[in-house]
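Before any comments, here is the structure.
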Amino acid sequence: MAAESGSPRFLLVLALALIAVSSSWIGTARAEIREMEVKSDERSIIPFDEFGFTRWGGLELNVSGISFSGIDSPDLSQLGFFLSTRDAWLHVLQQLQDHDITCALQSDLVTLVYSFDSLVPPPNPSGVPVARSTSIRLSQDVTEHPGQFTLVFANCLPSLRVSMDVRSALFNYPDPADHSHRAYLSAGAAVLPLVYSVLFFAYAALAAAWAAILIRRRRSAFRIHYFMLAVVVLKAFNLLCEAEDKSYIERTGSAHGWDVLFYIFSFLKGVSLFTLIILIGTGWSFLKPYLQNREKKVLMAVIPLQLVANIAQVAIDESGPYARDWATWKQVFLLVDVICCCAVLFPIVWSIKNLREAARTDGKAAVNLMKLTLFRQYYIVVICYIYFTRVVVYALVTITSYRYLWTSVVAGELGTLAFYVFTGYKFRPEAHNPYFAIDDDDEEAAAEALKLDDEFEL
Ligand SMILES: *[C@@H]1O[C@H](CO)[C@@H](O)[C@H](O)[C@H]1NC(C)=O
């Protein structure tokens, strides 16, 4: 019952949970054609990209500008690219520790893609030294086992530094007989274009229904109700862009500009949704026509934070999980997201407090109790929404198999849809306002309930 008194501690727990989950969450790579520059790198293992292969997959690798420093004539068989699953990698580490092998490339648990000793041209009969080639171009099928694989470069020569530009594309063949048609989305993400399209239609229907309600109940509609329509429309466009973006990536490996539209609508959707939650939380336009100073401050803080979150989102999506700074951006995004989620709860808590005080003083207990109940419900539902779309969905990502990655997207989107529907239903424009249709019996019962409520509070 005592939502307001427990809230600071609850917010702390929520924030901690979000951070804990984020640190264990390893991203879902937007598999597409990737570029990465390796500069004078000494690391023995450099991961590039991650991809879920079906039974029939393939990869294409263009490496250029290969150069070595640190050792004069390195043994190139100690360098190369391979594919490995996470499980296999743990066993490889064990093999290395037991000195069964000296280099990950020697393990029979990984799929060797390219060993750098192929770089050296075969010795020619005349004995004239031939310059070593500095680029690789290879395209090969990966048909061994389906699974979530990581493309890794191994350098088993401790003081050798490697520089190169790597372009990699990992893909599946939707039709094993037709190798001209490639699908660049990972196995678990291949249905996402369809999922987003279906959701687009759901939100379009929701927007149409809401518009119809607004027209029918024009006289009891407040400004906030028109704002809600805008939020739903933006969400629908955001989903449409995401569907197009994903389906282009699926077919061609790159987004062809749809990602830019997607980011724009993501930003607008993010800002408008948070603004809406805050405005409803403050009771703006249906309880009072103005915003208090502190409520304006929350709004002024959340909008620029959403901009930061969006910039971080772009950086996360456009690089892979193994890019430099990826983890930093991820942390920035999560931190900002946690702050925004906590910030939107404050106006609701303030409203609940105000309503409680008003109920005690102005004698209209029943009216205030109804509003109080509504705001408490809203508070709980906002928390559930935040908790579900952040913590539960990320937890789902970690526990589901790579093939069912889309299920966590569906779960998160259904949770969001339920939140939109709940908000719309609870705060719909009323033909007759129930707050004013209350008789004396209700009034007495409410005063009684409020007294009980106070006792619980203490
Ligand atoms: C590799 O190079 C070839 C030829 O230049 C090009 O057609 C192909 O798209 C490149 N692949 C990647 C993954 O960059």
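By order of appearance in the structure tokens: chains A, B, ..., then residues from 1 within every chain, and ligands from 1 in the order shown.
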Show me which residues line ligand 1, defined as having an atom within 10 Å of a ligand atom where only C-alpha atoms and all ligand atoms count, and present them as an mmCIF file with all heavy atoms, in the first residue's frame.
data_model
loop_
_atom_site.group_PDB
_atom_site.id
_atom_site.type_symbol
_atom_site.label_atom_id
_atom_site.label_comp_id
_atom_site.auth_asym_id
_atom_site.auth_seq_id
_atom_site.Cartn_x
_atom_site.Cartn_y
_atom_site.Cartn_z
ATOM 1 N N GLU A 32 25.879 -8.196 -39.793
ATOM 2 C CA GLU A 32 25.876 -7.613 -41.118
ATOM 3 C C GLU A 32 27.341 -7.525 -41.539
ATOM 4 O O GLU A 32 28.192 -8.053 -40.866
ATOM 5 C CB GLU A 32 25.211 -6.239 -41.092
ATOM 6 C CG GLU A 32 25.786 -5.361 -40.010
ATOM 7 C CD GLU A 32 24.928 -4.142 -39.716
ATOM 8 O OE1 GLU A 32 25.025 -3.197 -40.464
ATOM 9 O OE2 GLU A 32 24.205 -4.167 -38.734
ATOM 10 N N ILE A 33 27.591 -6.846 -42.636
ATOM 11 C CA ILE A 33 28.970 -6.729 -43.071
ATOM 12 C C ILE A 33 29.698 -5.773 -42.126
ATOM 13 O O ILE A 33 29.220 -4.676 -41.868
ATOM 14 C CB ILE A 33 29.010 -6.207 -44.514
ATOM 15 C CG1 ILE A 33 28.324 -7.239 -45.422
ATOM 16 C CG2 ILE A 33 30.428 -5.944 -44.965
ATOM 17 C CD1 ILE A 33 28.050 -6.762 -46.816
ATOM 18 N N ARG A 34 30.788 -6.214 -41.585
ATOM 19 C CA ARG A 34 31.499 -5.399 -40.596
ATOM 20 C C ARG A 34 32.911 -5.072 -41.037
ATOM 21 O O ARG A 34 33.563 -5.855 -41.709
ATOM 22 C CB ARG A 34 31.598 -6.141 -39.269
ATOM 23 C CG ARG A 34 30.322 -6.168 -38.534
ATOM 24 C CD ARG A 34 30.549 -6.493 -37.081
ATOM 25 N NE ARG A 34 29.271 -6.734 -36.461
ATOM 26 C CZ ARG A 34 28.391 -5.784 -36.187
ATOM 27 N NH1 ARG A 34 28.678 -4.523 -36.447
ATOM 28 N NH2 ARG A 34 27.238 -6.076 -35.655
ATOM 29 N N GLU A 35 33.364 -3.915 -40.603
ATOM 30 C CA GLU A 35 34.744 -3.507 -40.879
ATOM 31 C C GLU A 35 35.442 -3.245 -39.563
ATOM 32 O O GLU A 35 34.854 -2.656 -38.666
ATOM 33 C CB GLU A 35 34.744 -2.197 -41.668
ATOM 34 C CG GLU A 35 34.451 -2.382 -43.118
ATOM 35 C CD GLU A 35 34.581 -1.060 -43.858
ATOM 36 O OE1 GLU A 35 35.719 -0.580 -44.027
ATOM 37 O OE2 GLU A 35 33.528 -0.525 -44.232
ATOM 38 N N LEU A 59 30.813 -17.689 -44.988
ATOM 39 C CA LEU A 59 31.436 -16.458 -44.570
ATOM 40 C C LEU A 59 32.344 -15.930 -45.655
ATOM 41 O O LEU A 59 32.821 -16.691 -46.502
ATOM 42 C CB LEU A 59 32.209 -16.649 -43.256
ATOM 43 C CG LEU A 59 33.666 -17.048 -43.320
ATOM 44 C CD1 LEU A 59 34.446 -16.080 -42.487
ATOM 45 C CD2 LEU A 59 33.852 -18.438 -42.791
ATOM 46 N N GLU A 60 32.505 -14.622 -45.635
ATOM 47 C CA GLU A 60 33.348 -13.968 -46.618
ATOM 48 C C GLU A 60 34.274 -13.059 -45.840
ATOM 49 O O GLU A 60 33.829 -12.353 -44.938
ATOM 50 C CB GLU A 60 32.466 -13.145 -47.548
ATOM 51 C CG GLU A 60 33.080 -12.883 -48.880
ATOM 52 C CD GLU A 60 32.087 -12.156 -49.773
ATOM 53 O OE1 GLU A 60 31.097 -12.776 -50.199
ATOM 54 O OE2 GLU A 60 32.309 -10.969 -50.011
ATOM 55 N N LEU A 61 35.525 -13.103 -46.212
ATOM 56 C CA LEU A 61 36.514 -12.373 -45.431
ATOM 57 C C LEU A 61 37.436 -11.646 -46.395
ATOM 58 O O LEU A 61 38.023 -12.264 -47.279
ATOM 59 C CB LEU A 61 37.299 -13.402 -44.597
ATOM 60 C CG LEU A 61 38.113 -12.929 -43.422
ATOM 61 C CD1 LEU A 61 37.228 -12.247 -42.404
ATOM 62 C CD2 LEU A 61 38.796 -14.132 -42.784
ATOM 63 N N ASN A 62 37.510 -10.336 -46.270
ATOM 64 C CA ASN A 62 38.484 -9.556 -47.046
ATOM 65 C C ASN A 62 39.431 -8.901 -46.055
ATOM 66 O O ASN A 62 39.003 -8.100 -45.241
ATOM 67 C CB ASN A 62 37.797 -8.452 -47.847
ATOM 68 C CG ASN A 62 36.949 -8.999 -48.976
ATOM 69 O OD1 ASN A 62 36.907 -10.203 -49.209
ATOM 70 N ND2 ASN A 62 36.270 -8.115 -49.659
ATOM 71 N N VAL A 63 40.683 -9.262 -46.130
ATOM 72 C CA VAL A 63 41.667 -8.668 -45.232
ATOM 73 C C VAL A 63 42.699 -7.978 -46.100
ATOM 74 O O VAL A 63 43.204 -8.571 -47.055
ATOM 75 C CB VAL A 63 42.358 -9.740 -44.355
ATOM 76 C CG1 VAL A 63 43.239 -9.088 -43.312
ATOM 77 C CG2 VAL A 63 41.318 -10.617 -43.689
ATOM 78 N N SER A 64 42.995 -6.728 -45.790
ATOM 79 C CA SER A 64 43.991 -6.030 -46.593
ATOM 80 C C SER A 64 44.975 -5.312 -45.693
ATOM 81 O O SER A 64 44.747 -5.179 -44.488
ATOM 82 C CB SER A 64 43.294 -5.041 -47.530
ATOM 83 O OG SER A 64 42.537 -4.144 -46.761
ATOM 84 N N ILE A 136 44.035 -10.919 -48.162
ATOM 85 C CA ILE A 136 43.365 -12.217 -48.253
ATOM 86 C C ILE A 136 41.970 -11.943 -48.769
ATOM 87 O O ILE A 136 41.339 -10.978 -48.360
ATOM 88 C CB ILE A 136 43.192 -12.855 -46.853
ATOM 89 C CG1 ILE A 136 44.505 -12.937 -46.102
ATOM 90 C CG2 ILE A 136 42.512 -14.192 -46.953
ATOM 91 C CD1 ILE A 136 44.300 -13.293 -44.640
ATOM 92 N N ARG A 137 41.498 -12.772 -49.655
ATOM 93 C CA ARG A 137 40.085 -12.701 -49.988
ATOM 94 C C ARG A 137 39.570 -14.118 -50.007
ATOM 95 O O ARG A 137 40.056 -14.939 -50.770
ATOM 96 C CB ARG A 137 39.889 -12.026 -51.328
ATOM 97 C CG ARG A 137 38.447 -11.659 -51.507
ATOM 98 C CD ARG A 137 38.259 -10.414 -52.303
ATOM 99 N NE ARG A 137 38.209 -10.732 -53.695
ATOM 100 C CZ ARG A 137 38.865 -10.073 -54.627
ATOM 101 N NH1 ARG A 137 39.631 -9.069 -54.327
ATOM 102 N NH2 ARG A 137 38.760 -10.433 -55.883
ATOM 103 N N LEU A 138 38.646 -14.380 -49.144
ATOM 104 C CA LEU A 138 38.166 -15.747 -49.158
ATOM 105 C C LEU A 138 36.681 -15.797 -48.876
ATOM 106 O O LEU A 138 36.108 -14.920 -48.242
ATOM 107 C CB LEU A 138 38.948 -16.597 -48.149
ATOM 108 C CG LEU A 138 38.485 -16.628 -46.713
ATOM 109 C CD1 LEU A 138 37.793 -17.934 -46.463
ATOM 110 C CD2 LEU A 138 39.663 -16.497 -45.786
ATOM 111 N N SER A 139 36.070 -16.818 -49.417
ATOM 112 C CA SER A 139 34.640 -17.008 -49.266
ATOM 113 C C SER A 139 34.455 -18.500 -49.119
ATOM 114 O O SER A 139 34.898 -19.262 -49.957
ATOM 115 C CB SER A 139 33.948 -16.484 -50.529
ATOM 116 O OG SER A 139 32.595 -16.786 -50.468
ATOM 117 N N VAL A 166 40.096 -5.525 -41.669
ATOM 118 C CA VAL A 166 39.296 -6.733 -41.857
ATOM 119 C C VAL A 166 37.860 -6.350 -42.207
ATOM 120 O O VAL A 166 37.248 -5.526 -41.529
ATOM 121 C CB VAL A 166 39.289 -7.587 -40.567
ATOM 122 C CG1 VAL A 166 38.452 -8.837 -40.756
ATOM 123 C CG2 VAL A 166 40.699 -7.938 -40.154
ATOM 124 N N ARG A 167 37.360 -6.911 -43.281
ATOM 125 C CA ARG A 167 35.931 -6.797 -43.597
ATOM 126 C C ARG A 167 35.366 -8.197 -43.592
ATOM 127 O O ARG A 167 35.853 -9.062 -44.299
ATOM 128 C CB ARG A 167 35.741 -6.187 -44.995
ATOM 129 C CG ARG A 167 35.607 -4.676 -45.011
ATOM 130 C CD ARG A 167 35.547 -4.194 -46.435
ATOM 131 N NE ARG A 167 34.271 -4.542 -47.074
ATOM 132 C CZ ARG A 167 33.180 -3.785 -46.989
ATOM 133 N NH1 ARG A 167 33.192 -2.677 -46.303
ATOM 134 N NH2 ARG A 167 32.070 -4.143 -47.598
ATOM 135 N N SER A 168 34.347 -8.391 -42.775
ATOM 136 C CA SER A 168 33.815 -9.748 -42.694
ATOM 137 C C SER A 168 32.313 -9.736 -42.895
ATOM 138 O O SER A 168 31.631 -8.787 -42.512
ATOM 139 C CB SER A 168 34.143 -10.358 -41.330
ATOM 140 O OG SER A 168 33.532 -9.615 -40.319
ATOM 141 N N ALA A 169 31.838 -10.776 -43.522
ATOM 142 C CA ALA A 169 30.393 -10.951 -43.666
ATOM 143 C C ALA A 169 30.074 -12.396 -43.318
ATOM 144 O O ALA A 169 30.687 -13.320 -43.852
ATOM 145 C CB ALA A 169 29.950 -10.638 -45.086
ATOM 146 N N LEU A 170 29.161 -12.576 -42.385
ATOM 147 C CA LEU A 170 28.720 -13.914 -42.013
ATOM 148 C C LEU A 170 27.247 -14.011 -42.416
ATOM 149 O O LEU A 170 26.496 -13.062 -42.246
ATOM 150 C CB LEU A 170 28.866 -14.130 -40.502
ATOM 151 C CG LEU A 170 30.253 -13.823 -39.921
ATOM 152 C CD1 LEU A 170 30.242 -13.932 -38.416
ATOM 153 C CD2 LEU A 170 31.275 -14.784 -40.497
ATOM 154 N N GLY A 253 22.882 -7.107 -46.112
ATOM 155 C CA GLY A 253 23.990 -6.951 -45.173
ATOM 156 C C GLY A 253 24.180 -5.535 -44.682
ATOM 157 O O GLY A 253 24.952 -5.294 -43.771
#
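For the set A:Phe333, A:Phe51, A:Phe227, A:Trp326, the residue with the smallest atom-to-atom gap to Asn310 (chain A) is A:Phe333, counting only C-alpha atoms.
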All helix (DSSP H, G or I) positions in region 198-366 of chain A, as a ChimeraX atom specification: /A:198-216,218-220,223-252,258-282,293-318,326-361,365-366
Region 117-119 of chain A surroundings by only C-alpha atoms, 12 Å radius, close-in-sequence under 5 positions cut, as number ranges by chain: A: 63-64, 66-67, 73-81, 130-138
Could you give me, as a CSV table (one decimal) with all heavy atoms, in the first residue's frame, the residues within 10 Å of Leu194 (chain A), counting only C-alpha atoms and dropping anything in the same chain fewer than 3 positions from it?
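As written to disk, part_26.csv reads:
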chain,number,residue,atom,x,y,z
A,190,ALA,N,16.3,-13.9,-37.8
A,190,ALA,CA,15.8,-13.9,-39.2
A,190,ALA,C,14.3,-13.6,-39.3
A,190,ALA,O,13.8,-13.0,-40.3
A,190,ALA,CB,16.1,-15.2,-39.9
A,191,VAL,N,13.5,-13.9,-38.2
A,191,VAL,CA,12.1,-13.6,-38.3
A,191,VAL,C,11.8,-12.2,-37.8
A,191,VAL,O,10.6,-11.8,-37.8
A,191,VAL,CB,11.2,-14.6,-37.5
A,191,VAL,CG1,11.3,-16.0,-38.0
A,191,VAL,CG2,11.6,-14.6,-36.0
A,197,SER,N,6.9,-6.1,-38.4
A,197,SER,CA,5.8,-5.7,-39.3
A,197,SER,C,4.5,-5.9,-38.6
A,197,SER,O,3.6,-5.1,-38.7
A,197,SER,CB,5.9,-6.5,-40.6
A,197,SER,OG,7.1,-6.3,-41.2
A,198,VAL,N,4.4,-7.1,-38.0
A,198,VAL,CA,3.1,-7.4,-37.3
A,198,VAL,C,2.8,-6.4,-36.2
A,198,VAL,O,1.7,-5.9,-36.1
A,198,VAL,CB,3.2,-8.9,-36.7
A,198,VAL,CG1,2.0,-9.1,-35.8
A,198,VAL,CG2,3.2,-9.9,-37.9
A,199,LEU,N,3.9,-6.1,-35.5
A,199,LEU,CA,3.7,-5.1,-34.4
A,199,LEU,C,3.3,-3.7,-34.9
A,199,LEU,O,2.5,-3.0,-34.3
A,199,LEU,CB,5.0,-5.0,-33.6
A,199,LEU,CG,5.2,-6.2,-32.6
A,199,LEU,CD1,6.6,-6.2,-32.1
A,199,LEU,CD2,4.2,-6.0,-31.4
A,200,PHE,N,3.9,-3.4,-36.1
A,200,PHE,CA,3.5,-2.1,-36.7
A,200,PHE,C,2.0,-2.0,-37.0
A,200,PHE,O,1.4,-1.1,-36.6
A,200,PHE,CB,4.3,-1.9,-38.0
A,200,PHE,CG,3.7,-0.9,-38.9
A,200,PHE,CD1,3.7,0.5,-38.6
A,200,PHE,CD2,3.0,-1.2,-40.1
A,200,PHE,CE1,3.1,1.4,-39.4
A,200,PHE,CE2,2.4,-0.3,-40.9
A,200,PHE,CZ,2.4,1.1,-40.5
A,243,ALA,N,11.4,-2.6,-39.0
A,243,ALA,CA,11.1,-3.7,-39.9
A,243,ALA,C,11.8,-3.5,-41.2
A,243,ALA,O,12.4,-4.5,-41.7
A,243,ALA,CB,9.6,-3.8,-40.1
A,244,GLU,N,11.8,-2.3,-41.8
A,244,GLU,CA,12.5,-2.1,-43.1
A,244,GLU,C,14.0,-2.3,-42.9
A,244,GLU,O,14.6,-2.9,-43.8
A,244,GLU,CB,12.1,-0.7,-43.6
A,244,GLU,CG,10.8,-0.6,-44.4
A,244,GLU,CD,10.8,-1.6,-45.5
A,244,GLU,OE1,11.9,-1.7,-46.2
A,244,GLU,OE2,9.8,-2.3,-45.7
A,246,LYS,N,15.6,-4.0,-40.7
A,246,LYS,CA,16.0,-5.4,-40.5
A,246,LYS,C,15.9,-6.1,-41.8
A,246,LYS,O,16.7,-7.0,-42.1
A,246,LYS,CB,15.2,-6.0,-39.4
A,246,LYS,CG,15.5,-5.6,-38.0
A,246,LYS,CD,16.7,-6.3,-37.4
A,246,LYS,CE,16.9,-5.9,-36.0
A,246,LYS,NZ,18.3,-5.5,-35.8
A,247,SER,N,14.9,-5.9,-42.6
A,247,SER,CA,14.7,-6.7,-43.8
A,247,SER,C,15.8,-6.3,-44.8
A,247,SER,O,16.2,-7.2,-45.6
A,247,SER,CB,13.3,-6.6,-44.3
A,247,SER,OG,13.1,-5.6,-45.2
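Between CA of Ser115 (chain A) and CA of His99 (chain A) the interatomic distance comes to 20.8 Å.
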| task | Point out the residue among A:Pro321, A:Gly147, A:Pro429, A:Gly270 with the least atom-to-atom distance to Thr54 (chain A), counting only C-alpha atoms. | result |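 When distances to Thr54 (chain A) are compared using only C-alpha atoms, the smallest one comes from A:Gly147.
Compared by their closest atoms to Gln377 (chain A), and using only C-alpha atoms, the residues A:Tyr404, A:Phe222, A:Phe419, A:Phe48 rank with A:Phe419 nearest.
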I need the residues of region 36-255 of chain A that end up classed as strand (DSSP E or B) by DSSP on the backbone, written out as JSON, numbers by chain.
{"A": [36, 37, 38, 39, 40, 41, 45, 46, 47, 48, 49, 50, 51, 52, 53, 57, 58, 59, 60, 61, 62, 63, 64, 65, 66, 67, 68, 69, 79, 80, 81, 82, 83, 84, 85, 111, 112, 113, 114, 115, 136, 137, 138, 139, 140, 141, 142, 147, 148, 149, 150, 151, 152, 153, 154, 155, 161, 162, 163, 164, 165, 166, 167, 168, 169, 170, 171, 172, 183]}
- [ ] For each of A:Leu192, A:Thr282, A:Lys297, A:Ile303, take the minimum atom-to-atom distance to Asp245 (chain A), counting only C-alpha atoms, then give the residue where this is smallest.
- [x]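 Residue with the minimum atom-to-atom distance to Asp245 (chain A): A:Leu192.
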Q. If you count only C-alpha atoms, which residues fall within 12 Å of His91 (chain A), apart from same-chain ones fewer than 3 positions away, as a list in words?
A.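 The contact residues come out as Ser84, Thr85, Arg86, Asp87, Ala88, Gln94, Gln95, Leu96, Gln97, Asp98, Asp100, Ile101, Ala104, Ser107, Asp108, Leu109 and Val110 of chain A.
Residue nearest Arg182 (chain A) within the list A:Ile249, A:Leu83, A:Val397, A:Leu414: A:Ile249 [criterion: smallest interatomic distance, only C-alpha atoms].
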Among A:Gln148, A:Ser272, A:Gln331, A:Ser220, Phe286 (chain A) is approached most closely, using only C-alpha atoms, by A:Ser220
- [ ] List the neighbours of Pro47 (chain A) out to 10 Å using only C-alpha atoms; skip same-chain residues closer than 2 positions along the sequence, and give me the result as a PyMOL selection string.
- [x] chain A and resi 45+49-50+81-83+150-154+321-323
